[in-house]
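Text of the file protein.cif, holding mmCIF, C-alpha atoms:
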```cif
data_query
loop_
_atom_site.label_atom_id
_atom_site.label_comp_id
_atom_site.auth_asym_id
_atom_site.auth_seq_id
_atom_site.Cartn_x
_atom_site.Cartn_y
_atom_site.Cartn_z
CA MET A 26 -7.22 -2.27 10.77
CA THR A 27 -8.65 1.06 9.63
CA LYS A 28 -6.50 3.94 8.54
CA LEU A 29 -7.50 5.97 11.66
CA THR A 30 -6.46 3.20 14.05
CA ASN A 31 -3.23 2.77 12.20
CA ASP A 32 -2.57 6.48 12.47
CA PHE A 33 -3.40 6.41 16.19
CA LEU A 34 -1.10 3.51 16.85
CA ALA A 35 1.58 5.15 14.79
CA ASN A 36 1.42 8.32 16.82
CA GLU A 37 0.49 7.94 20.51
CA ASN A 38 0.54 11.72 21.04
CA VAL A 39 -2.64 12.40 19.03
CA ARG A 40 -5.30 14.01 21.24
CA ARG A 41 -8.99 13.45 20.53
CA ALA A 42 -12.23 14.69 21.96
CA GLU A 43 -15.34 12.61 22.17
CA ILE A 44 -18.62 14.46 22.48
CA SER A 45 -21.76 12.88 23.73
CA ILE A 46 -25.01 14.75 24.16
CA ARG A 47 -28.02 13.84 26.30
CA MET A 48 -31.06 15.94 25.72
CA SER A 49 -34.16 16.00 27.82
CA GLN A 50 -37.00 18.36 28.60
CA PHE A 51 -36.25 21.09 31.16
CA GLU A 52 -38.76 20.65 33.95
CA ILE A 53 -40.90 23.66 34.67
CA PRO A 54 -41.00 24.18 37.50
CA PRO A 55 -37.60 22.59 38.15
CA MET A 56 -38.19 22.01 41.86
CA GLN A 57 -40.99 19.43 41.85
CA ASP A 58 -43.16 19.60 44.99
CA VAL A 59 -40.82 20.76 47.74
CA LEU A 60 -37.46 22.51 47.87
CA LEU A 61 -35.47 22.73 51.08
CA VAL A 62 -32.86 25.50 51.05
CA GLY A 63 -29.83 25.04 53.32
CA LYS A 64 -28.49 27.97 55.30
CA ARG A 65 -25.23 27.96 53.37
CA ALA A 66 -26.58 26.82 50.03
CA PRO A 67 -25.47 28.60 46.85
CA ILE A 68 -29.00 29.96 46.52
CA GLY A 69 -30.88 31.66 49.32
CA ALA A 70 -34.51 32.26 50.18
CA GLU A 71 -34.80 35.54 48.28
CA ALA A 72 -33.24 34.09 45.12
CA VAL A 73 -35.57 31.09 45.35
CA ARG A 74 -38.53 33.41 45.73
CA ARG A 75 -37.53 35.35 42.61
CA MET A 76 -36.95 32.13 40.65
CA VAL A 77 -40.28 30.63 41.69
CA ASP A 78 -42.12 33.87 40.94
CA ALA A 79 -40.55 33.89 37.48
CA VAL A 80 -41.09 30.27 36.45
CA SER A 81 -44.28 29.34 38.29
CA PRO A 82 -46.05 32.40 39.62
CA GLU A 83 -48.52 31.81 42.46
CA GLN A 84 -48.02 28.04 42.52
CA TYR A 85 -45.56 27.83 45.40
CA GLU A 86 -45.37 29.10 48.94
CA ILE A 87 -42.02 30.30 50.31
CA ILE A 88 -41.67 29.51 54.00
CA ARG A 89 -38.76 31.23 55.74
CA MET A 90 -37.73 29.50 58.97
CA GLU A 91 -35.40 29.52 61.94
CA HIS A 92 -33.92 26.04 61.62
CA GLU A 93 -30.56 24.47 62.32
CA ILE A 94 -29.99 23.38 58.71
CA PHE A 95 -32.53 25.11 56.48
CA GLU A 96 -33.36 28.78 55.99
CA ALA A 97 -36.41 28.29 53.77
CA ALA A 98 -38.71 25.79 52.15
CA VAL A 99 -40.69 26.07 48.94
CA LEU A 100 -43.93 24.17 49.00
CA ARG A 101 -46.37 23.54 46.19
CA ARG A 102 -49.61 25.21 47.22
CA SER A 103 -51.79 22.38 45.97
CA LEU A 104 -50.26 20.04 48.58
CA VAL A 105 -51.47 22.25 51.39
CA LYS A 106 -54.96 21.76 50.09
CA LEU A 107 -54.61 18.06 50.91
CA VAL A 108 -52.66 18.18 54.18
CA PRO A 109 -52.29 21.16 56.54
CA GLN A 110 -48.99 22.98 56.04
CA GLU A 111 -47.73 22.52 59.63
CA LYS A 112 -48.25 18.76 59.53
CA LEU A 113 -46.66 18.41 56.12
CA MET A 114 -43.68 20.62 56.94
CA LYS A 115 -43.03 18.75 60.18
CA ILE A 116 -42.67 15.48 58.26
CA ILE A 117 -40.67 17.01 55.42
CA LEU A 118 -38.23 18.68 57.81
CA GLU A 119 -37.77 15.52 59.86
CA GLU A 120 -36.85 13.60 56.73
CA GLY A 121 -34.86 16.47 55.24
CA GLU A 122 -32.68 16.76 58.34
CA ARG A 123 -31.56 13.17 57.83
CA VAL A 124 -30.14 13.72 54.37
CA ALA A 125 -29.18 17.39 54.18
CA VAL A 126 -26.39 19.64 55.42
CA GLN A 127 -26.34 23.44 55.49
CA ASP A 128 -24.83 23.58 51.99
CA SER A 129 -27.62 21.50 50.43
CA VAL A 130 -30.60 22.38 48.32
CA ILE A 131 -32.90 19.35 48.43
CA LYS A 132 -35.81 18.82 46.10
CA ALA A 133 -38.49 16.37 47.07
CA GLN A 134 -41.39 14.73 45.33
CA VAL A 135 -44.34 14.28 47.62
CA ASN A 136 -47.18 11.95 46.78
CA ILE A 137 -50.26 12.24 48.89
CA VAL A 138 -53.02 9.70 48.61
CA ILE A 139 -56.15 10.34 50.56
CA GLN A 140 -58.15 7.28 51.40
CA ILE A 141 -61.84 7.86 51.77
CA THR A 142 -64.48 5.39 52.71
CA ARG A 143 -68.03 6.58 52.84
CA GLY A 144 -71.16 4.70 53.53
CA VAL A 145 -74.65 5.29 52.23
CA ASP A 146 -77.96 4.01 53.51
CA LEU A 147 -79.43 1.24 51.40
CA MET B 19 -19.75 70.62 68.28
CA SER B 20 -18.49 67.67 66.22
CA LYS B 21 -21.18 66.27 63.99
CA ILE B 22 -21.17 62.93 62.25
CA SER B 23 -21.50 64.70 58.88
CA LYS B 24 -17.99 66.09 59.38
CA ILE B 25 -16.27 62.76 59.88
CA MET B 26 -18.38 60.34 57.83
CA ASN B 27 -17.22 58.90 54.54
CA GLY B 28 -19.65 60.53 52.15
CA GLU B 29 -18.34 58.83 49.03
CA LEU B 30 -20.61 55.94 49.64
CA VAL B 31 -20.25 52.61 47.87
CA THR B 32 -23.51 50.67 47.95
CA VAL B 33 -24.78 47.42 46.51
CA ASN B 34 -28.17 46.50 45.23
CA ILE B 35 -30.24 43.87 46.99
CA ALA B 36 -30.24 41.74 43.82
CA ASP B 37 -26.45 41.86 43.28
CA PRO B 38 -24.49 38.66 43.83
CA VAL B 39 -22.22 38.30 46.85
CA SER B 40 -19.26 37.95 44.47
CA ARG B 41 -19.79 41.60 43.44
CA VAL B 42 -19.64 42.61 47.10
CA VAL B 43 -16.32 40.76 47.45
CA ASP B 44 -14.92 42.67 44.46
CA LEU B 45 -16.10 46.02 45.82
CA MET B 46 -14.72 45.30 49.28
CA GLU B 47 -11.34 44.39 47.80
CA ASN B 48 -11.22 47.34 45.40
CA PHE B 49 -12.26 49.97 47.91
CA ARG B 50 -10.75 48.25 50.97
CA ILE B 51 -13.93 48.50 52.96
CA GLY B 52 -15.51 46.06 55.37
CA GLY B 53 -19.20 46.88 55.05
CA LEU B 54 -21.58 48.10 52.37
CA PRO B 55 -25.06 49.53 52.75
CA VAL B 56 -27.61 47.62 50.68
CA VAL B 57 -30.16 49.61 48.72
CA GLU B 58 -33.30 48.91 46.77
CA GLN B 59 -34.64 51.80 44.72
CA GLU B 60 -32.25 54.11 46.59
CA GLN B 61 -33.78 53.17 49.95
CA LEU B 62 -31.62 51.56 52.61
CA VAL B 63 -32.75 47.97 53.21
CA GLY B 64 -29.75 46.32 54.87
CA ILE B 65 -26.03 46.10 55.37
CA ILE B 66 -23.56 43.45 54.23
CA THR B 67 -20.25 43.05 56.03
CA SER B 68 -17.09 41.06 55.36
CA ARG B 69 -18.30 38.63 58.01
CA ASP B 70 -21.57 38.04 56.12
CA VAL B 71 -19.57 37.53 52.94
CA ARG B 72 -17.26 34.95 54.54
CA ARG B 73 -20.29 32.94 55.62
CA SER B 74 -22.09 33.06 52.28
CA HIS B 75 -21.71 31.28 48.98
CA PRO B 76 -20.54 33.77 46.32
CA ASN B 77 -23.50 32.84 44.11
CA ARG B 78 -25.97 34.09 46.67
CA LEU B 79 -27.89 37.28 46.23
CA VAL B 80 -27.01 40.10 48.59
CA ALA B 81 -30.59 39.85 49.86
CA ASP B 82 -29.80 36.32 51.10
CA ALA B 83 -26.54 37.24 52.81
CA MET B 84 -27.10 40.70 54.28
CA SER B 85 -28.37 41.73 57.67
CA ARG B 86 -31.71 43.51 57.55
CA LYS B 87 -31.19 45.15 60.92
CA VAL B 88 -29.21 48.27 60.11
CA VAL B 89 -28.28 50.68 62.83
CA THR B 90 -28.35 54.16 61.35
CA ILE B 91 -27.48 57.61 62.59
CA ARG B 92 -28.47 61.01 61.30
CA PRO B 93 -25.70 63.25 59.95
CA ASP B 94 -26.49 65.97 62.50
CA CYS B 95 -25.91 63.64 65.47
CA SER B 96 -22.83 64.00 67.62
CA LEU B 97 -19.76 61.77 67.96
CA TRP B 98 -20.96 60.67 71.37
CA ASP B 99 -24.33 59.62 69.98
CA ALA B 100 -22.40 57.46 67.50
CA LYS B 101 -20.19 56.03 70.25
CA GLU B 102 -23.24 55.11 72.33
CA LEU B 103 -24.89 53.35 69.38
CA LEU B 104 -21.72 51.47 68.42
CA GLU B 105 -21.31 50.24 71.99
CA GLU B 106 -24.97 49.45 72.56
CA TYR B 107 -25.17 47.25 69.46
CA GLY B 108 -21.56 46.00 69.51
CA ILE B 109 -21.03 46.90 65.87
CA GLU B 110 -18.11 48.21 63.83
CA ARG B 111 -19.84 50.77 61.61
CA LEU B 112 -22.92 52.93 61.35
CA VAL B 113 -24.74 53.88 58.20
CA VAL B 114 -25.48 57.59 58.09
CA ALA B 115 -28.96 58.02 56.69
CA GLU B 116 -31.42 60.77 55.97
CA GLU B 117 -35.02 59.68 55.60
CA GLU B 118 -34.06 56.03 54.90
CA ARG B 119 -31.59 57.16 52.22
CA PRO B 120 -27.94 56.33 52.95
CA VAL B 121 -25.64 59.34 52.69
CA GLY B 122 -22.46 58.04 54.32
CA ILE B 123 -20.82 55.53 56.57
CA VAL B 124 -18.78 55.97 59.72
CA THR B 125 -16.57 53.36 61.35
CA LYS B 126 -15.93 52.69 65.02
CA SER B 127 -12.21 53.45 64.68
CA ARG B 128 -12.97 56.82 63.05
CA VAL B 129 -15.45 57.75 65.79
CA TYR B 130 -13.04 56.70 68.54
CA ALA B 131 -10.12 58.53 66.93
CA GLU B 132 -12.21 61.69 66.73
CA ILE B 133 -13.51 61.32 70.28
CA GLY B 134 -9.89 60.83 71.39
CA LYS B 135 -9.32 64.45 70.37
CA HIS B 136 -11.98 65.43 72.90
CA MET B 137 -10.55 63.30 75.69
CA ASP B 138 -7.94 64.29 78.15
CA ALA B 139 -4.82 62.20 77.55
CA LEU B 140 -3.57 62.48 81.15
CA THR B 141 -6.68 61.43 83.07
CA GLY B 142 -8.66 59.61 80.39
CA LEU B 143 -11.66 61.79 81.23
CA ASN B 144 -13.74 63.66 78.70
CA ARG B 145 -13.01 67.29 78.07
CA ALA B 146 -15.34 70.26 78.61
CA GLN B 147 -16.91 69.94 75.15
CA TYR B 148 -18.45 66.61 76.13
CA LEU B 149 -20.12 68.17 79.14
CA GLN B 150 -21.66 70.94 77.06
CA ARG B 151 -23.02 68.43 74.57
CA LYS B 152 -24.42 66.22 77.32
CA ALA B 153 -25.99 69.20 79.10
CA SER B 154 -27.70 70.24 75.90
CA GLU B 155 -29.00 66.69 75.40
CA LEU B 156 -30.37 66.51 78.96
CA LEU B 157 -32.10 69.86 78.61
CA CYS B 158 -33.68 68.60 75.38
CA GLU B 159 -35.01 65.62 77.31
CA GLY B 160 -36.61 68.05 79.76
CA LYS B 161 -34.30 67.15 82.65
CA GLU B 162 -33.02 69.55 85.24
CA ILE B 163 -29.27 69.83 85.41
CA VAL B 164 -26.73 70.84 87.99
CA PHE B 165 -23.02 71.57 87.49
CA ILE B 166 -20.42 70.88 90.16
CA PHE B 167 -17.15 72.64 89.52
CA ILE B 168 -14.13 71.36 91.44
CA ASP B 169 -11.05 73.51 91.66
CA MET B 170 -7.89 72.14 93.28
CA ASP B 171 -6.51 74.44 96.02
CA ASN B 172 -3.03 75.90 95.54
CA PHE B 173 -2.21 73.39 92.86
CA GLY B 174 0.27 75.81 91.28
CA MET B 175 2.33 75.55 94.47
CA ILE B 176 2.36 71.74 94.27
CA ASP B 177 3.62 71.96 90.69
CA LYS B 178 6.28 74.48 91.64
CA ARG B 179 7.47 72.74 94.81
CA LEU B 180 7.24 69.10 93.75
CA GLY B 181 7.43 69.33 89.99
CA HIS B 182 4.89 68.81 87.23
CA ALA B 183 5.37 65.03 87.13
CA VAL B 184 4.09 64.77 90.72
CA GLY B 185 1.36 67.28 89.90
CA ASP B 186 0.25 65.11 86.97
CA GLU B 187 0.24 62.00 89.19
CA ILE B 188 -2.00 63.79 91.68
CA LEU B 189 -4.37 64.96 88.95
CA THR B 190 -4.62 61.39 87.63
CA SER B 191 -5.40 60.09 91.12
CA VAL B 192 -7.98 62.83 91.72
CA ALA B 193 -9.65 61.89 88.42
CA LYS B 194 -9.83 58.24 89.53
CA LEU B 195 -11.20 59.25 92.92
CA LEU B 196 -13.90 61.43 91.42
CA ASN B 197 -14.73 58.80 88.84
CA SER B 198 -15.29 56.24 91.59
CA LEU B 199 -17.94 58.51 93.14
CA VAL B 200 -20.02 59.24 90.06
CA GLU B 201 -22.95 57.15 88.93
CA ASP B 202 -23.26 56.03 85.31
CA GLY B 203 -26.12 57.71 83.49
CA THR B 204 -26.67 60.28 86.25
CA ASP B 205 -23.34 62.06 86.66
CA PHE B 206 -21.00 63.08 83.84
CA LEU B 207 -17.46 63.92 84.84
CA CYS B 208 -14.83 65.78 82.85
CA ARG B 209 -11.46 67.43 83.30
CA TYR B 210 -12.47 70.97 82.54
CA ALA B 211 -9.04 72.54 82.39
CA GLY B 212 -5.64 72.32 84.17
CA ASP B 213 -6.52 71.53 87.79
CA GLU B 214 -10.28 71.93 87.37
CA PHE B 215 -12.82 69.15 87.11
CA ALA B 216 -16.54 69.45 86.46
CA VAL B 217 -19.49 67.16 86.97
CA LEU B 218 -22.81 67.53 85.21
CA THR B 219 -25.54 65.74 87.09
CA THR B 220 -29.28 65.18 86.90
CA ARG B 221 -29.47 64.79 90.69
CA PRO B 222 -31.63 67.29 92.56
CA LEU B 223 -29.64 70.22 93.91
CA GLU B 224 -29.52 68.86 97.46
CA GLU B 225 -28.14 65.50 96.29
CA ALA B 226 -25.66 67.25 94.04
CA LYS B 227 -24.48 69.17 97.08
CA GLN B 228 -23.96 65.90 98.96
CA LEU B 229 -21.98 64.51 96.03
CA ALA B 230 -19.79 67.63 95.98
CA TRP B 231 -19.06 67.22 99.69
CA LYS B 232 -18.20 63.55 99.16
CA MET B 233 -15.79 64.50 96.39
CA ILE B 234 -14.08 67.26 98.34
CA SER B 235 -13.79 65.01 101.42
CA ALA B 236 -12.45 62.11 99.35
CA ILE B 237 -9.70 64.33 97.92
CA GLU B 238 -8.76 65.58 101.40
CA GLU B 239 -8.85 62.18 103.05
CA ALA B 240 -6.93 60.28 100.37
CA ASN B 241 -3.57 58.92 101.44
CA TRP B 242 -1.28 61.09 99.32
CA SER B 243 2.30 59.86 99.09
CA GLY B 244 4.93 61.91 100.89
CA GLY B 245 2.30 63.37 103.16
CA ILE B 246 1.33 65.98 100.59
CA ILE B 247 -1.82 67.85 101.49
CA VAL B 248 -4.21 67.97 98.58
CA THR B 249 -7.53 69.79 98.86
CA GLY B 250 -10.15 71.17 96.55
CA SER B 251 -13.11 73.53 96.57
CA ALA B 252 -16.42 73.04 94.86
CA GLY B 253 -18.94 75.40 93.36
CA ILE B 254 -22.44 74.28 92.44
CA ALA B 255 -24.97 75.81 90.08
CA GLY B 256 -28.28 74.32 89.12
CA GLY B 257 -31.25 75.54 87.19
CA ARG B 258 -34.96 75.07 87.02
CA ARG B 259 -36.57 74.89 83.58
CA LYS B 260 -39.14 77.42 82.46
CA GLY B 261 -40.75 77.93 79.06
CA ILE B 262 -40.00 76.33 75.73
CA ARG B 263 -36.50 75.41 74.64
CA SER B 264 -34.56 77.46 72.16
CA ASP B 265 -31.19 76.14 71.03
CA ILE B 266 -29.50 79.54 71.07
CA ASN B 267 -30.72 80.29 74.57
CA GLU B 268 -29.77 76.81 75.71
CA THR B 269 -26.12 77.33 74.79
CA TYR B 270 -26.05 80.54 76.83
CA THR B 271 -27.83 78.83 79.70
CA ILE B 272 -25.26 76.06 79.86
CA ALA B 273 -22.38 78.54 79.62
CA ASP B 274 -23.99 80.63 82.38
CA LEU B 275 -24.39 77.64 84.67
CA ILE B 276 -20.80 76.50 84.17
CA ASN B 277 -19.62 80.04 84.78
CA MET B 278 -21.66 80.37 87.97
CA ALA B 279 -20.37 77.04 89.28
CA SER B 280 -16.81 78.04 88.44
CA LEU B 281 -17.11 81.44 90.17
CA SER B 282 -18.66 79.73 93.20
CA SER B 283 -15.72 77.35 93.44
CA THR B 284 -13.34 80.32 93.37
CA LYS B 285 -15.37 82.00 96.09
CA ALA B 286 -15.46 78.78 98.14
CA LYS B 287 -11.67 78.59 97.85
CA LYS B 288 -11.19 82.22 98.90
CA GLU B 289 -13.61 81.99 101.81
CA LYS B 290 -12.38 78.48 102.76
CA LYS B 291 -15.95 77.16 102.65
CA ARG B 292 -15.03 74.03 100.58
CA VAL B 293 -18.48 73.76 98.95
CA LEU B 294 -20.61 76.70 97.85
CA VAL B 295 -23.90 76.74 95.97
CA ALA B 296 -24.47 79.58 93.52
CA GLU B 297 -27.71 81.46 93.82
CA GLN B 298 -30.37 79.33 92.16
CA MET B 299 -31.35 80.56 88.75
CA GLU B 300 -34.27 79.77 86.48
CA ILE B 301 -33.40 78.55 83.01
CA GLU B 302 -35.41 80.72 80.73
CA HIS B 303 -36.22 79.38 77.31
CA ARG B 304 -37.09 81.65 74.49
CA VAL B 305 -40.36 80.72 72.86
CA THR B 306 -39.70 80.12 69.18
CA PRO B 307 -42.65 81.36 67.10
CA ASP B 308 -44.21 78.93 64.65
CA ILE B 309 -43.35 79.69 61.05
#
```

Starting from the coordinates I provided, produce the structure as structure tokens.
Amino acid sequence: MTKLTNDFLANENVRRAEISIRMSQFEIPPMQDVLLVGKRAPIGAEAVRRMVDAVSPEQYEIIRMEHEIFEAAVLRRSLVKLVPQEKLMKIILEEGERVAVQDSVIKAQVNIVIQITRGVDL
Amino acid sequence: MSKISKIMNGELVTVNIADPVSRVVDLMENFRIGGLPVVEQEQLVGIITSRDVRRSHPNRLVADAMSRKVVTIRPDCSLWDAKELLEEYGIERLVVAEEERPVGIVTKSRVYAEIGKHMDALTGLNRAQYLQRKASELLCEGKEIVFIFIDMDNFGMIDKRLGHAVGDEILTSVAKLLNSLVEDGTDFLCRYAGDEFAVLTTRPLEEAKQLAWKMISAIEEANWSGGIIVTGSAGIAGGRRKGIRSDINETYTIADLINMASLSSTKAKKEKKRVLVAEQMEIEHRVTPDI
């Protein structure tokens, strides 16, 4: 047995702290493709707008809404280039409603694959 | 006339739109207030109340917890304007603002307490001051006004013979009777003094005359306990507008009309005519020169 273990066993009242550190890259922007902001979430639509403007200016659209659970959504503008906003938001809200409550802020990753088949005359 | 500027709390505590809700909580606790105007670059942009605070996470920005619909009132408005706004919107406080800049706040309880000073405790009717204010407002709106002045006959004798308690009961009943005959938004009733009541109305003179007759008849025909005979006499004065309004002239005009209606009621009482219309007068308005 080591001296430390002996000391520990000898005195059960010794208090120790163990420190572990996990480091990773902070994502910018931190909200991926979509953020759904609950009506009673710790952050509201205006705060989200200010945050988005600060970290990723002109890349996101803030959509304020009258909804049972959410007061706003943040949507990456490039997604709207692929699918119309109304269609995308309808799907996102339908799925968001299933997992969120008014206190939640939900971030979502959205992958859109467009399948194209074109023919040419031979 | 009581203006909002005289009763408002001018030591205004405001919050910035970007402050956290937790700061609002601290301010509300420290100053014991239930609502704070929200400003952005000194301009009024919203209001945050204790109710908003209870429903919001303390981390939130004021901008995300406040109400953007703020009902404001100018400092030169009257107590009754404030009362109407508070009742119309069902709110507890009004922000006093000048050109979108908040200068004070006034609560419902403060407005009501102040208005209470202008209400007759016995009958619950407004006092004469209310009628003058309302008349001025109607003239500003370009409406024609008529005053009906109702004077109880020999009321001093009732007080002397039956006592003031009975006299007070009769006055309360007369007030209820008259109140049941007036129409909201058209007729404005007040206890003018002692045993005198007055109605300001926007009805045409002929209709006002009919209302006066109804009132006098209702008093006479009421079933007074102990078989007491209670009667009243009414004087009517109405004016036709002419020219451009001047505030100074307007005050005199209103005073003149009330005086004429009052004198007519005295004459009606003396001559036992019950209802008498004062000679019709034209309301002259002094033309204010442009500066």

At what distance in Å, to one decimal, does CA of Asp58 (chain A) lie from CA of Arg101 (chain A)? 5.2 Å

Translate the PyMOL selection byres ((chain A) within 9 of (chain B)), as applied to the file shown, into an explicit residue set as a PyMOL selection string. chain A and resi 64-72+128

Run the PyMOL selection byres ((chain B and resi 63) around 10) on the file and write out the hits as a PyMOL selection string. chain B and resi 34-35+55-62+64-65+81+84-88+118-120

Check what the PyMOL selection byres ((chain B and resi 207-222) around 8) selects in the file above and give those residues as a ChimeraX atom specification. /B:138,141,143-146,148-149,153,161-170,173,189,193,196-197,200,204-206,223-226

Using only C-alpha atoms, which residues sit within 10 Å of Leu118 (chain A) once same-chain residues fewer than 3 positions away are excluded, as a VMD selection string? chain A and resid 61 92 94 to 95 98 113 to 115 121 to 123 125

Next, write the just-selected residues to a file, as a CSV table (one decimal), in the coordinates of the input, keeping C-alpha atoms as the atom set.
```csv
chain,number,residue,atom,x,y,z
A,61,LEU,CA,-35.5,22.7,51.1
A,92,HIS,CA,-33.9,26.0,61.6
A,94,ILE,CA,-30.0,23.4,58.7
A,95,PHE,CA,-32.5,25.1,56.5
A,98,ALA,CA,-38.7,25.8,52.2
A,113,LEU,CA,-46.7,18.4,56.1
A,114,MET,CA,-43.7,20.6,56.9
A,115,LYS,CA,-43.0,18.8,60.2
A,121,GLY,CA,-34.9,16.5,55.2
A,122,GLU,CA,-32.7,16.8,58.3
A,123,ARG,CA,-31.6,13.2,57.8
A,125,ALA,CA,-29.2,17.4,54.2
```

Repaired coordinates for region 38-53 of chain B (N, CA, C and O atoms) as a compact mmCIF listing (two decimals), keeping the file's coordinate frame:
```
# COMPACT_ATOMS: atom_id res chain seq x y z
N PRO B 38 -25.05 39.86 43.22
CA PRO B 38 -24.49 38.66 43.83
C PRO B 38 -23.43 39.01 44.88
O PRO B 38 -22.83 40.08 44.82
N VAL B 39 -23.22 38.08 45.80
CA VAL B 39 -22.22 38.30 46.85
C VAL B 39 -20.83 38.49 46.24
O VAL B 39 -20.02 39.25 46.76
N SER B 40 -20.59 37.82 45.10
CA SER B 40 -19.26 37.95 44.47
C SER B 40 -18.97 39.41 44.09
O SER B 40 -17.82 39.85 44.14
N ARG B 41 -19.99 40.17 43.76
CA ARG B 41 -19.79 41.60 43.44
C ARG B 41 -19.38 42.37 44.71
O ARG B 41 -18.55 43.26 44.67
N VAL B 42 -19.99 41.96 45.81
CA VAL B 42 -19.64 42.61 47.10
C VAL B 42 -18.17 42.36 47.41
O VAL B 42 -17.45 43.27 47.83
N VAL B 43 -17.72 41.11 47.18
CA VAL B 43 -16.32 40.76 47.45
C VAL B 43 -15.41 41.67 46.62
O VAL B 43 -14.44 42.23 47.15
N ASP B 44 -15.73 41.81 45.33
CA ASP B 44 -14.92 42.67 44.46
C ASP B 44 -14.87 44.11 44.98
O ASP B 44 -13.81 44.73 45.05
N LEU B 45 -16.04 44.63 45.35
CA LEU B 45 -16.10 46.02 45.82
C LEU B 45 -15.31 46.19 47.11
O LEU B 45 -14.58 47.18 47.29
N MET B 46 -15.44 45.21 48.00
CA MET B 46 -14.72 45.30 49.28
C MET B 46 -13.21 45.29 49.05
O MET B 46 -12.47 46.01 49.71
N GLU B 47 -12.77 44.46 48.10
CA GLU B 47 -11.34 44.39 47.80
C GLU B 47 -10.86 45.67 47.13
O GLU B 47 -9.84 46.24 47.50
N ASN B 48 -11.63 46.15 46.15
CA ASN B 48 -11.22 47.34 45.40
C ASN B 48 -11.17 48.59 46.26
O ASN B 48 -10.27 49.42 46.13
N PHE B 49 -12.18 48.74 47.11
CA PHE B 49 -12.26 49.97 47.91
C PHE B 49 -11.72 49.79 49.33
O PHE B 49 -11.72 50.72 50.12
N ARG B 50 -11.29 48.57 49.63
CA ARG B 50 -10.75 48.25 50.97
C ARG B 50 -11.71 48.68 52.07
O ARG B 50 -11.37 49.46 52.95
N ILE B 51 -12.93 48.18 51.95
CA ILE B 51 -13.93 48.50 52.96
C ILE B 51 -14.54 47.20 53.49
O ILE B 51 -14.55 46.19 52.80
N GLY B 52 -15.04 47.28 54.71
CA GLY B 52 -15.51 46.06 55.37
C GLY B 52 -17.03 45.94 55.45
O GLY B 52 -17.55 44.94 55.95
N GLY B 53 -17.74 46.95 54.97
CA GLY B 53 -19.20 46.88 55.05
C GLY B 53 -19.86 47.78 54.02
O GLY B 53 -19.38 48.89 53.79
```
